[in-house]
$ cat final07.tsv   # TSV, C-alpha atoms and all ligand atoms
chain	number	residue	atom	x	y	z
A	372	MET	CA	19.68	15.03	-13.55
A	373	SER	CA	16.67	17.31	-13.31
A	374	PRO	CA	15.57	18.71	-9.96
A	375	ILE	CA	11.89	18.07	-10.72
A	376	ILE	CA	11.56	14.75	-8.94
A	377	ALA	CA	13.34	16.03	-5.83
A	378	ASP	CA	11.13	19.15	-5.83
A	379	ASN	CA	7.99	17.04	-6.21
A	380	PHE	CA	9.13	14.71	-3.41
A	381	HIS	CA	9.70	17.63	-1.04
A	382	SER	CA	6.44	19.40	-1.88
A	383	VAL	CA	4.36	16.21	-1.47
A	384	SER	CA	6.18	15.54	1.85
A	385	GLU	CA	5.28	19.05	3.01
A	386	LYS	CA	1.64	18.64	2.02
A	387	ILE	CA	1.52	15.36	3.94
A	388	THR	CA	2.83	17.06	7.08
A	389	LYS	CA	0.33	19.89	6.64
A	390	SER	CA	-2.64	17.53	6.19
A	391	ALA	CA	-1.54	15.45	9.19
A	392	LYS	CA	-1.25	18.52	11.40
A	393	SER	CA	-4.58	19.98	10.28
A	394	SER	CA	-6.23	16.69	11.30
A	395	GLY	CA	-4.55	16.74	14.70
A	396	ARG	CA	-1.72	14.28	14.03
A	397	ALA	CA	2.06	14.50	13.70
A	398	GLY	CA	3.65	14.47	10.25
A	399	GLU	CA	5.63	11.33	11.22
A	400	ASP	CA	2.35	9.45	11.72
A	401	VAL	CA	1.94	9.27	7.95
A	402	ARG	CA	4.49	7.39	5.82
A	403	LEU	CA	4.96	8.25	2.18
A	404	VAL	CA	5.35	5.28	-0.15
A	405	VAL	CA	6.61	6.57	-3.50
A	406	VAL	CA	5.10	4.37	-6.21
A	407	THR	CA	7.81	3.63	-8.79
A	408	LYS	CA	6.13	1.07	-11.07
A	409	GLY	CA	6.80	1.87	-14.71
A	410	GLN	CA	9.62	4.30	-13.84
A	411	SER	CA	13.24	4.13	-14.95
A	412	ILE	CA	16.17	3.27	-12.69
A	413	SER	CA	17.56	6.78	-13.10
A	414	LYS	CA	14.32	8.42	-11.93
A	415	ILE	CA	14.09	6.00	-9.00
A	416	SER	CA	17.67	6.85	-8.03
A	417	GLU	CA	16.72	10.54	-8.07
A	418	VAL	CA	13.88	10.08	-5.63
A	419	ILE	CA	16.05	7.96	-3.33
A	420	ASN	CA	18.72	10.67	-3.41
A	421	ALA	CA	16.01	13.21	-2.53
A	422	GLY	CA	15.30	11.19	0.63
A	423	ALA	CA	12.63	8.62	-0.26
A	424	ARG	CA	12.99	5.49	1.87
A	425	ASP	CA	9.77	3.62	1.06
A	426	LEU	CA	9.06	2.63	-2.54
A	427	GLY	CA	5.96	0.85	-3.86
A	428	GLU	CA	5.80	-1.58	-6.77
A	429	ASN	CA	3.01	-3.65	-8.33
A	430	TYR	CA	4.88	-6.25	-10.35
A	431	PRO	CA	7.26	-8.60	-8.53
A	432	GLU	CA	9.48	-9.51	-11.50
A	433	GLU	CA	9.88	-5.85	-12.48
A	434	THR	CA	10.94	-5.06	-8.92
A	435	VAL	CA	13.43	-7.90	-8.62
A	436	LYS	CA	15.07	-6.79	-11.87
A	437	LYS	CA	15.19	-3.17	-10.72
A	438	ILE	CA	16.76	-4.08	-7.38
A	439	ALA	CA	19.43	-6.09	-9.20
A	440	ASP	CA	20.12	-3.30	-11.72
A	441	MET	CA	20.24	-0.57	-9.09
A	442	GLY	CA	22.99	-2.13	-7.04
A	443	SER	CA	23.87	-0.70	-3.64
A	444	ILE	CA	21.52	2.31	-3.74
A	445	SER	CA	18.54	-0.04	-3.40
A	446	GLU	CA	19.85	-1.12	0.01
A	447	HIS	CA	18.67	2.22	1.39
A	448	VAL	CA	15.00	1.56	0.72
A	449	ASN	CA	12.10	-0.56	1.92
A	450	TRP	CA	10.14	-2.06	-0.98
A	451	HIS	CA	6.37	-2.27	-0.57
A	452	MET	CA	4.32	-4.67	-2.69
A	453	ILE	CA	1.05	-2.89	-3.52
A	454	GLY	CA	-0.35	-4.92	-6.44
A	455	HIS	CA	-2.35	-8.09	-6.93
A	456	LEU	CA	-0.13	-11.14	-6.60
A	457	GLN	CA	-0.49	-14.40	-8.51
A	458	SER	CA	0.42	-17.44	-6.44
A	459	ARG	CA	3.19	-18.53	-8.78
A	460	LYS	CA	4.96	-15.24	-8.03
A	461	VAL	CA	4.94	-15.60	-4.25
A	462	LYS	CA	8.59	-16.64	-4.30
A	463	PHE	CA	9.64	-13.13	-5.47
A	464	VAL	CA	7.70	-11.30	-2.78
A	465	VAL	CA	9.05	-13.42	0.02
A	466	ASN	CA	12.60	-12.25	-0.61
A	467	ALA	CA	12.39	-8.78	-2.12
A	468	PHE	CA	9.74	-6.89	-0.17
A	469	SER	CA	9.65	-5.60	3.38
A	470	MET	CA	5.90	-5.07	3.43
A	471	MET	CA	2.93	-6.32	1.43
A	472	HIS	CA	-0.13	-4.02	1.26
A	473	SER	CA	-2.25	-6.19	-1.01
A	474	ILE	CA	-3.23	-9.43	0.71
A	475	ASP	CA	-6.54	-9.67	-1.16
A	476	ARG	CA	-7.63	-13.24	-0.44
A	477	THR	CA	-7.12	-15.98	2.12
A	478	SER	CA	-5.33	-18.36	-0.26
A	479	ILE	CA	-2.51	-15.88	-1.00
A	480	ALA	CA	-2.01	-15.26	2.72
A	481	ASN	CA	-1.56	-18.99	3.28
A	482	GLU	CA	0.80	-19.34	0.33
A	483	ILE	CA	3.00	-16.45	1.42
A	484	ASN	CA	3.11	-17.68	4.99
A	485	ALA	CA	4.19	-21.14	3.83
A	486	LYS	CA	7.13	-19.77	1.83
A	487	LEU	CA	8.40	-17.17	4.30
A	488	GLU	CA	11.57	-17.82	6.26
A	489	ARG	CA	11.16	-14.62	8.28
A	490	PRO	CA	8.18	-12.59	9.53
A	491	LEU	CA	6.57	-10.18	7.04
A	492	ASP	CA	4.39	-7.15	7.80
A	493	VAL	CA	1.20	-7.24	5.71
A	494	LEU	CA	-2.01	-5.30	5.18
A	495	LEU	CA	-5.33	-6.78	4.10
A	496	GLU	CA	-6.77	-5.18	0.96
A	497	VAL	CA	-10.46	-4.40	1.31
A	498	ASN	CA	-13.02	-3.57	-1.37
A	499	LEU	CA	-15.38	-1.03	0.15
A	500	SER	CA	-16.98	0.25	-3.07
A	501	GLY	CA	-18.33	-3.06	-4.36
A	502	GLU	CA	-16.79	-2.35	-7.76
A	503	GLU	CA	-16.36	-5.72	-9.45
A	504	SER	CA	-13.07	-4.88	-11.12
A	505	LYS	CA	-11.50	-4.15	-7.71
A	506	GLY	CA	-9.57	-6.73	-5.77
A	507	GLY	CA	-9.72	-7.35	-2.08
A	508	PHE	CA	-12.01	-8.81	0.54
A	509	LEU	CA	-15.54	-7.67	-0.34
A	510	LEU	CA	-16.76	-5.46	2.53
A	511	SER	CA	-18.93	-2.93	0.72
A	512	GLU	CA	-21.89	-3.77	2.94
A	513	ARG	CA	-21.72	-3.66	6.72
A	514	LYS	CA	-23.45	-7.03	6.98
A	515	TYR	CA	-20.22	-8.61	5.63
A	516	TRP	CA	-18.10	-7.13	8.41
A	517	PRO	CA	-18.72	-9.67	11.22
A	518	ASP	CA	-17.59	-12.62	9.04
A	519	PHE	CA	-14.46	-10.69	8.13
A	520	CYS	CA	-13.59	-10.53	11.85
A	521	THR	CA	-13.48	-14.34	11.84
A	522	THR	CA	-11.28	-14.31	8.71
A	523	VAL	CA	-8.88	-11.82	10.29
A	524	LEU	CA	-8.63	-13.89	13.48
A	525	GLU	CA	-7.85	-16.97	11.37
A	526	LEU	CA	-5.22	-15.15	9.31
A	527	ASN	CA	-3.72	-13.80	12.51
A	528	GLN	CA	-2.92	-17.41	13.48
A	529	LEU	CA	-0.45	-17.70	10.57
A	530	ASP	CA	2.91	-17.70	12.28
A	531	ARG	CA	4.94	-15.53	9.88
A	532	LEU	CA	2.43	-12.95	8.68
A	533	ARG	CA	2.16	-9.91	10.91
A	534	ILE	CA	-1.18	-8.31	10.07
A	535	LYS	CA	-0.79	-4.60	10.64
A	536	GLY	CA	-3.97	-3.13	9.17
A	537	LEU	CA	-5.93	-2.43	5.99
A	538	MET	CA	-5.36	-1.10	2.48
A	539	THR	CA	-7.99	0.20	0.07
A	540	MET	CA	-8.33	1.69	-3.44
A	541	PRO	CA	-11.42	3.81	-4.15
A	542	PRO	CA	-13.02	3.74	-7.63
A	543	TYR	CA	-11.25	5.82	-10.26
A	544	THR	CA	-12.37	9.45	-10.17
A	545	GLN	CA	-11.18	12.96	-11.03
A	546	ASP	CA	-12.82	14.36	-7.91
A	547	PRO	CA	-10.78	13.70	-4.75
A	548	GLU	CA	-13.80	14.33	-2.51
A	549	ALA	CA	-15.52	11.33	-4.13
A	550	SER	CA	-12.96	9.09	-2.38
A	551	ARG	CA	-13.71	10.42	1.11
A	552	PRO	CA	-16.62	8.04	1.95
A	553	ILE	CA	-14.45	5.05	1.00
A	554	PHE	CA	-11.54	6.24	3.16
A	555	ARG	CA	-13.93	6.91	6.03
A	556	ALA	CA	-15.45	3.43	5.70
A	557	CYS	CA	-11.94	1.95	5.81
A	558	ARG	CA	-11.20	3.76	9.08
A	559	GLU	CA	-14.53	2.62	10.52
A	560	LEU	CA	-13.85	-0.96	9.44
A	561	ARG	CA	-10.47	-0.88	11.21
A	562	GLU	CA	-12.14	0.41	14.39
A	563	PHE	CA	-14.82	-2.28	14.12
A	564	LEU	CA	-12.18	-5.01	13.71
A	565	VAL	CA	-10.12	-3.83	16.67
A	566	LYS	CA	-13.20	-3.72	18.85
A	567	GLN	CA	-14.57	-7.11	17.77
A	568	THR	CA	-11.30	-9.06	17.61
A	569	GLY	CA	-9.27	-7.31	20.31
A	570	LEU	CA	-6.33	-7.12	17.89
A	571	ALA	CA	-4.84	-3.75	18.82
A	572	THR	CA	-2.01	-4.44	16.34
A	573	LEU	CA	-4.33	-3.52	13.43
A	574	ARG	CA	-3.11	0.06	13.41
A	575	GLU	CA	-2.28	0.93	9.82
A	576	LEU	CA	-4.44	2.34	7.03
A	577	SER	CA	-2.82	2.43	3.56
A	578	MET	CA	-4.98	4.73	1.44
A	579	GLY	CA	-4.69	7.71	-0.86
A	580	THR	CA	-2.82	8.20	-4.17
A	581	SER	CA	-1.57	11.25	-6.15
A	582	LEU	CA	-5.06	12.65	-6.51
A	583	ASP	CA	-6.54	12.18	-3.06
A	584	TYR	CA	-3.79	11.62	-0.49
A	585	SER	CA	-4.69	14.76	1.50
A	586	ILE	CA	-8.28	13.56	1.87
A	587	ALA	CA	-7.01	10.10	2.89
A	588	ILE	CA	-4.83	11.65	5.61
A	589	GLU	CA	-7.79	13.66	6.92
A	590	GLU	CA	-9.64	10.35	7.21
A	591	GLY	CA	-6.81	8.61	9.07
A	592	ALA	CA	-4.29	7.22	6.53
A	593	THR	CA	-0.99	6.09	8.04
A	594	PHE	CA	0.50	5.19	4.63
A	595	VAL	CA	-0.15	7.08	1.39
A	596	ARG	CA	0.93	5.63	-1.98
A	597	VAL	CA	1.90	8.44	-4.34
A	598	GLY	CA	3.22	7.76	-7.83
A	599	GLU	CA	2.76	10.23	-10.69
A	600	ALA	CA	2.55	13.39	-8.53
A	601	ILE	CA	6.22	12.76	-7.66
A	602	MET	CA	7.65	10.62	-10.46
A	603	GLY	CA	5.78	12.02	-13.47
A	604	ALA	CA	3.87	9.94	-16.00
A	605	ARG	CA	4.58	6.23	-16.12
A	606	ASP	CA	6.10	4.78	-19.25
A	607	TYR	CA	5.30	1.20	-20.18
A	608	SER	CA	6.14	1.61	-23.87
A	609	LYS	CA	9.83	0.87	-23.37
A	610	LYS	CA	11.23	-2.11	-21.59
A	611	ILE	CA	12.20	-1.38	-18.03
B	1	LIG	C1	-0.25	2.82	-9.20
B	1	LIG	C2	-0.78	2.74	-7.82
B	1	LIG	C3	-0.70	3.83	-6.95
B	1	LIG	C4	-0.14	5.18	-7.34
B	1	LIG	O1	-1.02	5.87	-8.17
B	1	LIG	P1	-0.67	7.38	-8.67
B	1	LIG	O2	-1.91	7.82	-9.31
B	1	LIG	O3	0.48	7.28	-9.60
B	1	LIG	O4	-0.34	8.16	-7.44
B	1	LIG	C5	-1.16	3.64	-5.65
B	1	LIG	N1	-1.69	2.47	-5.24
B	1	LIG	C6	-1.80	1.41	-6.05
B	1	LIG	C7	-2.38	0.14	-5.55
B	1	LIG	C8	-1.37	1.51	-7.38
B	1	LIG	O5	-1.50	0.45	-8.19
$ encode --input "final07.tsv" --output "structure tokens" --more "lines below"
Ligand SMILES: *Cc1c(COP(=O)(O)O)cnc(C)c1O
Amino acid sequence: MSPIIADNFHSVSEKITKSAKSSGRAGEDVRLVVVTKGQSISKISEVINAGARDLGENYPEETVKKIADMGSISEHVNWHMIGHLQSRKVKFVVNAFSMMHSIDRTSIANEINAKLERPLDVLLEVNLSGEESKGGFLLSERKYWPDFCTTVLELNQLDRLRIKGLMTMPPYTQDPEASRPIFRACRELREFLVKQTGLATLRELSMGTSLDYSIAIEEGATFVRVGEAIMGARDYSKKI
């Protein structure tokens, strides 16, 4: 076992606390979701042993297999679904995950709600860049925002989904500052929604990855999703 993953986990955790404090918040206000898609069971065990309690995955079947292969150590963690979900895979999410960050359309919200036997915390994924390859509710122009309030109020009627806030992914970039306007728009959208709908429960903002999590925290992130900066490069060449 190499100490690299544990060292990375601790240094990212420290940077999160620093960024939170420099923007006037407590370190505990920001939760670190370690993204473990494409990583081996042994590396995932290392990060859990280092203290990680929230892990993010994109592919439901991969996650279900990992949980089974990991045995009792997986009982210590909350699994977060952060990827696009096809409706035929809803059955996996309902049982394996404790939070879903990527409700990207109304139909998937309805399908998940119908299959749940217990309440599930969820975030609505929003597309604030207008990039066509991106998933999520299209909210790149402010004129779309009022209709989204109606959508959120409707989704809030679903009895098992607990809508906790928003998630976003900025366009791919090498320059972390390029993500700042998107993160800021996400915070402003959350404030707009709370004001227009009265839903004070919309508190969370899931935004920021390895490259730009400090910027995301400065703009109000309450969850950051960090993969390669902790776990190293992903490997999809071998079967997981
Ligand atoms: C893969 C992924 C991440 C993590 O990205 P890194 O660059 O490895 O930090 C975060 N969020 C989503 C939605 C992802 O798919």
$ atom_distance --input "final07.tsv" --atom1 "atom CA of A:His472" --atom2 "atom CA of A:Glu590"
18.2 Å
$ residues_around --input "final07.tsv" --residues "A:Leu524" --least-positions-apart "5" --cutoff "12 Å" --atoms "all atoms listed in the file" --output "MDAnalysis selection string"
chainID A and resid 477 517:519 529 533:534 564:565 567:570 572:573
$ closest_residue --input "final07.tsv" --among "A:Glu599, A:Glu433, A:Glu589, A:Glu525" --to "A:Arg555" --atoms "only C-alpha atoms"
A:Glu589
$ residues_around --input "final07.tsv" --residues "A:Ile415" --least-positions-apart "2" --cutoff "10 Å" --atoms "all atoms listed in the file" --output "list in words"
Ile376, Val405, Val406, Thr407, Lys408, Gln410, Ser411, Ile412, Ser413, Glu417, Val418, Ile419, Asn420, Ala421, Ala423, Leu426, Lys437, Met441, Ile444, Ser445 and Met602 of chain A
$ closest_residue --input "final07.tsv" --among "A:Gly536, A:Pro490, A:Pro542, A:Gly395" --to "A:Glu502" --atoms "only C-alpha atoms"
A:Pro542
$ residues_near_ligand --input "final07.tsv" --ligand "ligand LIG 1 (chain B)" --cutoff "7 Å" --atoms "only C-alpha atoms and all ligand atoms" --output "list in words"
Val406, Lys408, Asn429, Ile453, Gly454, Met540, Thr580, Ser581, Leu582, Arg596, Val597, Gly598, Glu599 and Ala600 of chain A
$ atom_distance --input "final07.tsv" --atom1 "atom CA of A:Ser416" --atom2 "atom CA of A:His381"
15.1 Å
$ atom_distance --input "final07.tsv" --atom1 "atom CA of A:Asp475" --atom2 "atom CA of A:Arg558"
17.5 Å
$ residues_around --input "final07.tsv" --residues "A:Leu532" --least-positions-apart "6" --cutoff "7 Å" --atoms "all atoms listed in the file" --output "PyMOL selection string"
chain A and resi 484+490-493
$ closest_residue --input "final07.tsv" --among "A:Ile474, A:Ala549, A:Ile483, A:Val448" --to "A:Lys460" --atoms "all atoms listed in the file"
A:Ile483
$ closest_residue --input "final07.tsv" --among "A:Thr521, A:Gly579, A:Lys566, A:Gly591" --to "A:Pro547" --atoms "all atoms listed in the file"
A:Gly579
$ closest_residue --input "final07.tsv" --among "A:Ser443, A:Gln457, A:Asn466, A:Ser577" --to "A:Glu496" --atoms "all atoms listed in the file"
A:Ser577
$ closest_residue --input "final07.tsv" --among "A:Glu399, A:Glu562, A:Asp378, A:Glu548" --to "A:Arg574" --atoms "only C-alpha atoms"
A:Glu562
$ axis_aligned_box --input "final07.tsv" --around "stretch 581-589 of chain A" --padding-each-side "5 Å" --output "AutoDock Vina command-line options"
--center_x -4.9 --center_y 12.4 --center_z 0.2 --size_x 16.7 --size_y 14.7 --size_z 23.4
$ residues_around --input "final07.tsv" --residues "A:Lys505" --least-positions-apart "3" --cutoff "12 Å" --atoms "all atoms listed in the file" --output "ChimeraX atom specification"
/A:454-455,473,475,496-502,508-511,539-543
$ decode --input "final07.tsv" --residues "stretch 505-547 of chain A" --atoms "N, CA and C atoms" --output "tab-separated table (two decimals), in the first residue's frame"
chain	number	residue	atom	x	y	z
A	505	LYS	N	-23.62	18.75	-22.85
A	505	LYS	CA	-23.85	18.67	-21.39
A	505	LYS	C	-25.27	18.26	-21.08
A	506	GLY	N	-25.40	17.46	-20.02
A	506	GLY	CA	-26.73	17.09	-19.57
A	506	GLY	C	-27.30	18.15	-18.64
A	507	GLY	N	-28.51	17.93	-18.23
A	507	GLY	CA	-29.11	18.79	-17.22
A	507	GLY	C	-30.18	19.70	-17.77
A	508	PHE	N	-30.96	20.27	-16.87
A	508	PHE	CA	-31.99	21.23	-17.25
A	508	PHE	C	-31.30	22.46	-17.86
A	509	LEU	N	-31.74	22.86	-19.05
A	509	LEU	CA	-31.08	23.95	-19.76
A	509	LEU	C	-31.48	25.30	-19.15
A	510	LEU	N	-30.51	25.97	-18.53
A	510	LEU	CA	-30.79	27.23	-17.81
A	510	LEU	C	-29.73	28.27	-18.12
A	511	SER	N	-29.14	28.16	-19.34
A	511	SER	CA	-28.04	29.03	-19.71
A	511	SER	C	-28.49	30.47	-19.93
A	512	GLU	N	-29.78	30.66	-20.13
A	512	GLU	CA	-30.28	32.04	-20.26
A	512	GLU	C	-31.28	32.31	-19.15
A	513	ARG	N	-31.20	33.51	-18.59
A	513	ARG	CA	-32.03	33.83	-17.42
A	513	ARG	C	-33.52	33.78	-17.75
A	514	LYS	N	-33.87	33.93	-19.01
A	514	LYS	CA	-35.30	33.88	-19.36
A	514	LYS	C	-35.89	32.48	-19.14
A	515	TYR	N	-35.01	31.46	-19.03
A	515	TYR	CA	-35.52	30.10	-18.75
A	515	TYR	C	-35.78	29.87	-17.26
A	516	TRP	N	-35.27	30.76	-16.42
A	516	TRP	CA	-35.31	30.49	-14.99
A	516	TRP	C	-36.72	30.43	-14.38
A	517	PRO	N	-37.63	31.36	-14.76
A	517	PRO	CA	-38.97	31.30	-14.14
A	517	PRO	C	-39.70	29.97	-14.39
A	518	ASP	N	-39.61	29.42	-15.61
A	518	ASP	CA	-40.26	28.13	-15.88
A	518	ASP	C	-39.66	27.01	-15.04
A	519	PHE	N	-38.36	27.12	-14.78
A	519	PHE	CA	-37.70	26.09	-13.96
A	519	PHE	C	-38.26	26.11	-12.53
A	520	CYS	N	-38.65	27.28	-12.06
A	520	CYS	CA	-39.28	27.35	-10.72
A	520	CYS	C	-40.52	26.46	-10.68
A	521	THR	N	-41.31	26.51	-11.74
A	521	THR	CA	-42.52	25.68	-11.81
A	521	THR	C	-42.14	24.20	-11.81
A	522	THR	N	-41.11	23.85	-12.60
A	522	THR	CA	-40.63	22.46	-12.64
A	522	THR	C	-40.20	22.00	-11.25
A	523	VAL	N	-39.44	22.84	-10.57
A	523	VAL	CA	-38.93	22.46	-9.24
A	523	VAL	C	-40.10	22.26	-8.26
A	524	LEU	N	-41.08	23.14	-8.32
A	524	LEU	CA	-42.25	22.99	-7.43
A	524	LEU	C	-42.99	21.70	-7.74
A	525	GLU	N	-43.07	21.33	-9.02
A	525	GLU	CA	-43.73	20.07	-9.38
A	525	GLU	C	-42.93	18.87	-8.87
A	526	LEU	N	-41.62	18.91	-9.09
A	526	LEU	CA	-40.77	17.79	-8.63
A	526	LEU	C	-40.80	17.68	-7.11
A	527	ASN	N	-40.95	18.80	-6.46
A	527	ASN	CA	-40.98	18.81	-5.00
A	527	ASN	C	-42.23	18.11	-4.45
A	528	GLN	N	-43.22	17.91	-5.32
A	528	GLN	CA	-44.44	17.18	-4.90
A	528	GLN	C	-44.20	15.67	-4.84
A	529	LEU	N	-43.15	15.18	-5.50
A	529	LEU	CA	-42.89	13.73	-5.50
A	529	LEU	C	-42.57	13.32	-4.06
A	530	ASP	N	-43.25	12.28	-3.60
A	530	ASP	CA	-43.25	12.03	-2.15
A	530	ASP	C	-41.94	11.47	-1.62
A	531	ARG	N	-41.12	10.82	-2.47
A	531	ARG	CA	-39.91	10.20	-1.92
A	531	ARG	C	-38.63	10.94	-2.25
A	532	LEU	N	-38.67	11.80	-3.25
A	532	LEU	CA	-37.47	12.58	-3.58
A	532	LEU	C	-37.38	13.79	-2.67
A	533	ARG	N	-36.23	13.95	-2.04
A	533	ARG	CA	-36.00	15.16	-1.24
A	533	ARG	C	-35.04	16.03	-2.01
A	534	ILE	N	-35.55	17.09	-2.62
A	534	ILE	CA	-34.70	17.94	-3.46
A	534	ILE	C	-33.92	18.90	-2.58
A	535	LYS	N	-32.60	18.74	-2.62
A	535	LYS	CA	-31.74	19.47	-1.68
A	535	LYS	C	-30.99	20.62	-2.32
A	536	GLY	N	-30.97	20.69	-3.66
A	536	GLY	CA	-30.22	21.78	-4.29
A	536	GLY	C	-29.85	21.46	-5.72
A	537	LEU	N	-28.73	22.02	-6.17
A	537	LEU	CA	-28.33	21.97	-7.58
A	537	LEU	C	-26.93	21.39	-7.76
A	538	MET	N	-26.70	20.83	-8.93
A	538	MET	CA	-25.37	20.34	-9.32
A	538	MET	C	-25.07	20.89	-10.70
A	539	THR	N	-23.81	21.26	-10.95
A	539	THR	CA	-23.44	21.68	-12.30
A	539	THR	C	-22.03	21.25	-12.67
A	540	MET	N	-21.80	21.13	-13.98
A	540	MET	CA	-20.49	20.81	-14.56
A	540	MET	C	-20.17	21.89	-15.59
A	541	PRO	N	-19.13	22.70	-15.37
A	541	PRO	CA	-18.76	23.68	-16.39
A	541	PRO	C	-18.14	23.01	-17.60
A	542	PRO	N	-18.02	23.72	-18.73
A	542	PRO	CA	-17.34	23.14	-19.89
A	542	PRO	C	-15.90	22.77	-19.55
A	543	TYR	N	-15.38	21.78	-20.26
A	543	TYR	CA	-14.00	21.35	-20.02
A	543	TYR	C	-13.03	22.49	-20.31
A	544	THR	N	-12.08	22.68	-19.40
A	544	THR	CA	-11.10	23.76	-19.56
A	544	THR	C	-9.83	23.39	-18.80
A	545	GLN	N	-8.72	24.04	-19.14
A	545	GLN	CA	-7.49	23.88	-18.36
A	545	GLN	C	-7.33	25.03	-17.37
A	546	ASP	N	-8.19	26.04	-17.54
A	546	ASP	CA	-8.06	27.27	-16.74
A	546	ASP	C	-9.18	27.31	-15.70
A	547	PRO	N	-8.86	27.06	-14.43
A	547	PRO	CA	-9.90	27.01	-13.40
A	547	PRO	C	-10.74	28.28	-13.32
